[in-house]
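A.B. asks: Sending over a structure as structure tokens; questions will come in a sec.
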Amino acid sequence: MSRHVLVLGGTTEARQLAAELAVRPGTRVTTSLAGRVTRPGAIAGDVRVGGFGGAEGLADWLRAHDVAAVVDATHPFA
């Protein structure tokens with residue numbers, strides 16, 4: 001069974017989580033970074049930059065990419 005996890009990133013913990021998830025068999029990980037990121041470091045898995053267009057846009061993206069889980073690992077004050 002394959003599962004797709006979306007990590008809302010931007011923190012060291014998000015990068016670490018993506019690395020841990022990416023090596024699990026049957027797990028695909030995508031880390032989403034805010035559009036303010038100009039030069040992100042290496043992140044395991046797929047990376048997308050920019051917003052989703054609000055809650056409805058996020059819901060559409062989750063459905064279109066068959067995402068099984070979302071982890072909010074953004075800055076706590078973001």
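Each chain in the structure tokens gets a letter, A, B, ..., in the order shown, and its residues are numbered from 1; ligands are numbered from 1 in order too.
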Could you pull out the strand (DSSP E) residues of chain A from DSSP and send them as a list in words?
C.D. replies: Arg3, His4, Val5, Leu6, Val7, Leu8, Thr27, Arg28, Val29, Thr30, Thr31, Ser32, Leu33, Asp46, Val47, Arg48, Val49, Val67, Ala68, Ala69, Val70, Val71 and Asp72 of chain A
A.B. asks: List every residue of chain A that DSSP, applied to the backbone, labels as alpha helix (DSSP H), and write the result as a list in words.
C.D. replies: Thr12, Glu13, Ala14, Arg15, Gln16, Leu17, Ala18, Ala19, Glu20, Leu21, Ala22, Gly54, Ala55, Glu56, Gly57, Leu58, Ala59, Asp60, Trp61, Leu62, Arg63 and Ala64 of chain A
A.B. asks: Can I get the selection written as a short mmCIF file (atom, residue, chain, number, x, y, z; two decimals), in the first residue's frame, with all heavy atoms?
C.D. replies:
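For reference, result_29.cif as written:
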data_model
loop_
_atom_site.label_atom_id
_atom_site.label_comp_id
_atom_site.auth_asym_id
_atom_site.auth_seq_id
_atom_site.Cartn_x
_atom_site.Cartn_y
_atom_site.Cartn_z
N THR A 12 13.35 23.13 10.78
CA THR A 12 14.33 22.04 10.83
C THR A 12 13.61 20.72 11.08
O THR A 12 13.94 19.69 10.49
CB THR A 12 15.36 22.29 11.95
OG1 THR A 12 16.04 23.51 11.66
CG2 THR A 12 16.35 21.16 12.07
N GLU A 13 12.60 20.75 11.94
CA GLU A 13 11.84 19.53 12.25
C GLU A 13 11.13 19.00 11.02
O GLU A 13 11.04 17.79 10.81
CB GLU A 13 10.84 19.79 13.38
CG GLU A 13 11.48 20.08 14.72
CD GLU A 13 11.97 21.52 14.90
OE1 GLU A 13 11.69 22.38 14.04
OE2 GLU A 13 12.64 21.77 15.91
N ALA A 14 10.62 19.89 10.16
CA ALA A 14 9.95 19.46 8.93
C ALA A 14 10.94 18.75 8.01
O ALA A 14 10.63 17.72 7.42
CB ALA A 14 9.33 20.65 8.23
N ARG A 15 12.13 19.29 7.90
CA ARG A 15 13.17 18.69 7.07
C ARG A 15 13.54 17.30 7.60
O ARG A 15 13.68 16.34 6.85
CB ARG A 15 14.40 19.60 7.06
CG ARG A 15 15.49 19.17 6.12
CD ARG A 15 16.67 20.14 6.15
NE ARG A 15 16.30 21.53 6.00
CZ ARG A 15 16.06 22.13 4.85
NH1 ARG A 15 16.16 21.46 3.73
NH2 ARG A 15 15.71 23.40 4.81
N GLN A 16 13.67 17.19 8.93
CA GLN A 16 13.99 15.90 9.55
C GLN A 16 12.87 14.90 9.34
O GLN A 16 13.11 13.72 9.04
CB GLN A 16 14.28 16.09 11.03
CG GLN A 16 15.54 16.86 11.31
CD GLN A 16 15.68 17.28 12.78
OE1 GLN A 16 14.71 17.31 13.52
NE2 GLN A 16 16.89 17.63 13.17
N LEU A 17 11.64 15.34 9.50
CA LEU A 17 10.49 14.46 9.31
C LEU A 17 10.42 13.97 7.86
O LEU A 17 10.21 12.78 7.62
CB LEU A 17 9.19 15.18 9.68
CG LEU A 17 7.91 14.39 9.45
CD1 LEU A 17 7.89 13.12 10.29
CD2 LEU A 17 6.70 15.26 9.74
N ALA A 18 10.63 14.86 6.91
CA ALA A 18 10.60 14.47 5.50
C ALA A 18 11.66 13.39 5.23
O ALA A 18 11.40 12.42 4.53
CB ALA A 18 10.82 15.68 4.61
N ALA A 19 12.84 13.56 5.81
CA ALA A 19 13.92 12.58 5.62
C ALA A 19 13.53 11.23 6.20
O ALA A 19 13.78 10.18 5.58
CB ALA A 19 15.20 13.09 6.27
N GLU A 20 12.90 11.23 7.36
CA GLU A 20 12.50 9.97 8.00
C GLU A 20 11.37 9.29 7.22
O GLU A 20 11.36 8.06 7.08
CB GLU A 20 12.08 10.21 9.44
CG GLU A 20 13.26 10.57 10.33
CD GLU A 20 12.86 10.84 11.77
OE1 GLU A 20 11.82 10.30 12.21
OE2 GLU A 20 13.58 11.59 12.44
N LEU A 21 10.43 10.07 6.72
CA LEU A 21 9.32 9.50 5.96
C LEU A 21 9.76 8.98 4.60
O LEU A 21 9.27 7.94 4.13
CB LEU A 21 8.21 10.54 5.78
CG LEU A 21 7.44 10.93 7.02
CD1 LEU A 21 6.53 12.12 6.73
CD2 LEU A 21 6.63 9.76 7.56
N ALA A 22 10.67 9.69 3.96
CA ALA A 22 11.07 9.34 2.59
C ALA A 22 11.73 7.97 2.48
O ALA A 22 11.68 7.36 1.41
CB ALA A 22 12.01 10.42 2.05
N GLY A 54 -5.77 29.11 -0.39
CA GLY A 54 -6.75 29.01 0.69
C GLY A 54 -7.15 27.58 0.97
O GLY A 54 -6.62 26.63 0.39
N ALA A 55 -8.11 27.45 1.87
CA ALA A 55 -8.55 26.12 2.33
C ALA A 55 -9.11 25.28 1.19
O ALA A 55 -8.83 24.08 1.09
CB ALA A 55 -9.57 26.26 3.45
N GLU A 56 -9.88 25.91 0.32
CA GLU A 56 -10.47 25.16 -0.80
C GLU A 56 -9.39 24.68 -1.76
O GLU A 56 -9.41 23.54 -2.23
CB GLU A 56 -11.49 26.01 -1.54
CG GLU A 56 -12.28 25.24 -2.57
CD GLU A 56 -13.41 26.06 -3.15
OE1 GLU A 56 -14.11 26.75 -2.39
OE2 GLU A 56 -13.57 25.99 -4.39
N GLY A 57 -8.39 25.52 -2.02
CA GLY A 57 -7.29 25.14 -2.88
C GLY A 57 -6.47 24.00 -2.28
O GLY A 57 -6.05 23.08 -2.99
N LEU A 58 -6.25 24.06 -0.96
CA LEU A 58 -5.54 22.98 -0.28
C LEU A 58 -6.33 21.68 -0.39
O LEU A 58 -5.77 20.62 -0.71
CB LEU A 58 -5.29 23.33 1.19
CG LEU A 58 -4.68 22.22 2.05
CD1 LEU A 58 -3.34 21.76 1.49
CD2 LEU A 58 -4.55 22.70 3.49
N ALA A 59 -7.63 21.74 -0.13
CA ALA A 59 -8.47 20.53 -0.21
C ALA A 59 -8.42 19.94 -1.62
O ALA A 59 -8.31 18.72 -1.78
CB ALA A 59 -9.90 20.86 0.20
N ASP A 60 -8.48 20.80 -2.63
CA ASP A 60 -8.40 20.32 -4.02
C ASP A 60 -7.06 19.64 -4.28
O ASP A 60 -7.01 18.59 -4.91
CB ASP A 60 -8.59 21.48 -5.00
CG ASP A 60 -10.00 22.02 -5.02
OD1 ASP A 60 -10.93 21.33 -4.54
OD2 ASP A 60 -10.17 23.15 -5.52
N TRP A 61 -5.96 20.24 -3.79
CA TRP A 61 -4.63 19.68 -4.01
C TRP A 61 -4.50 18.33 -3.31
O TRP A 61 -3.95 17.38 -3.88
CB TRP A 61 -3.55 20.66 -3.49
CG TRP A 61 -2.18 20.35 -3.98
CD1 TRP A 61 -1.57 20.86 -5.08
CD2 TRP A 61 -1.24 19.44 -3.39
NE1 TRP A 61 -0.31 20.31 -5.21
CE2 TRP A 61 -0.08 19.44 -4.18
CE3 TRP A 61 -1.27 18.62 -2.26
CZ2 TRP A 61 1.03 18.67 -3.89
CZ3 TRP A 61 -0.15 17.85 -1.98
CH2 TRP A 61 0.98 17.88 -2.78
N LEU A 62 -5.02 18.23 -2.09
CA LEU A 62 -4.96 16.97 -1.35
C LEU A 62 -5.69 15.86 -2.10
O LEU A 62 -5.19 14.74 -2.20
CB LEU A 62 -5.55 17.14 0.05
CG LEU A 62 -4.81 18.09 0.99
CD1 LEU A 62 -5.59 18.28 2.28
CD2 LEU A 62 -3.40 17.62 1.26
N ARG A 63 -6.86 16.18 -2.62
CA ARG A 63 -7.62 15.18 -3.38
C ARG A 63 -6.90 14.81 -4.68
O ARG A 63 -6.78 13.63 -5.02
CB ARG A 63 -9.02 15.70 -3.69
CG ARG A 63 -10.00 15.59 -2.54
CD ARG A 63 -11.43 15.90 -2.98
NE ARG A 63 -11.59 17.31 -3.34
CZ ARG A 63 -11.87 18.28 -2.46
NH1 ARG A 63 -12.03 18.00 -1.18
NH2 ARG A 63 -12.00 19.52 -2.86
N ALA A 64 -6.42 15.81 -5.40
CA ALA A 64 -5.78 15.57 -6.69
C ALA A 64 -4.50 14.74 -6.56
O ALA A 64 -4.13 14.01 -7.48
CB ALA A 64 -5.46 16.90 -7.37
#
A.B. asks: As an exercise, work out the distance from atom CA of A:Thr30 to atom CA of A:Leu6 in Å and give it to one decimal place.
C.D. replies: 5.0 Å
A.B. asks: Rounded to one decimal place, report the atom CA of A:Ser2-atom CA of A:Gly35 distance in Å.
C.D. replies: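 Atom CA of A:Gly35 lies 28.4 Å from atom CA of A:Ser2.
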A.B. asks: Considering only C-alpha atoms, return as a PyMOL selection string whatever protein or nucleic-acid residues lie within 9 Å of A:Val71, sequence-local ones (same chain, fewer than 2 positions apart) excluded.
C.D. replies: chain A and resi 5-9+14+69+73-74
A.B. asks: Which of these, A:Gly26, A:Gly10, A:Gly41, A:Gly51, has the shortest distance to A:Ala68 once you count only C-alpha atoms?
C.D. replies: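 Between A:Gly26, A:Gly10, A:Gly41, A:Gly51, the residue approaching A:Ala68 most closely is A:Gly26.
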A.B. asks: Could you tell me how far atom CA of A:Phe77 sits from atom CA of A:Val23, in Å to one decimal place?
C.D. replies: 29.4 Å
A.B. asks: Would you kindly return, as a short mmCIF file (atom, residue, chain, number, x, y, z; two decimals) with N, CA, C and O atoms, in the first residue's frame, each protein, DNA or RNA residue with an atom no farther than 9 Å from any atom of A:Arg48, considering only C-alpha atoms and excluding same-chain residues fewer than 2 positions away?
C.D. replies:
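And here is the file that came out, out26.cif:
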data_model
loop_
_atom_site.label_atom_id
_atom_site.label_comp_id
_atom_site.auth_asym_id
_atom_site.auth_seq_id
_atom_site.Cartn_x
_atom_site.Cartn_y
_atom_site.Cartn_z
N THR A 30 5.81 14.83 0.24
CA THR A 30 5.94 16.13 -0.40
C THR A 30 6.01 17.17 0.70
O THR A 30 5.15 17.18 1.59
N THR A 31 7.01 18.02 0.64
CA THR A 31 7.12 19.12 1.60
C THR A 31 6.73 20.39 0.89
O THR A 31 7.23 20.70 -0.20
N SER A 32 5.82 21.13 1.48
CA SER A 32 5.37 22.39 0.93
C SER A 32 5.99 23.54 1.71
O SER A 32 5.92 23.57 2.94
N LEU A 33 6.63 24.44 0.97
CA LEU A 33 7.27 25.60 1.59
C LEU A 33 6.54 26.87 1.17
O LEU A 33 6.06 26.96 0.03
N ALA A 34 6.51 27.85 2.05
CA ALA A 34 5.89 29.12 1.73
C ALA A 34 6.63 29.78 0.58
O ALA A 34 7.82 29.54 0.36
N ASP A 46 9.59 15.07 -2.58
CA ASP A 46 9.20 16.15 -3.48
C ASP A 46 9.07 17.45 -2.69
O ASP A 46 8.73 17.43 -1.50
N GLY A 50 5.05 27.72 -2.51
CA GLY A 50 3.92 28.61 -2.75
C GLY A 50 2.67 28.14 -2.06
O GLY A 50 2.60 27.02 -1.57
#
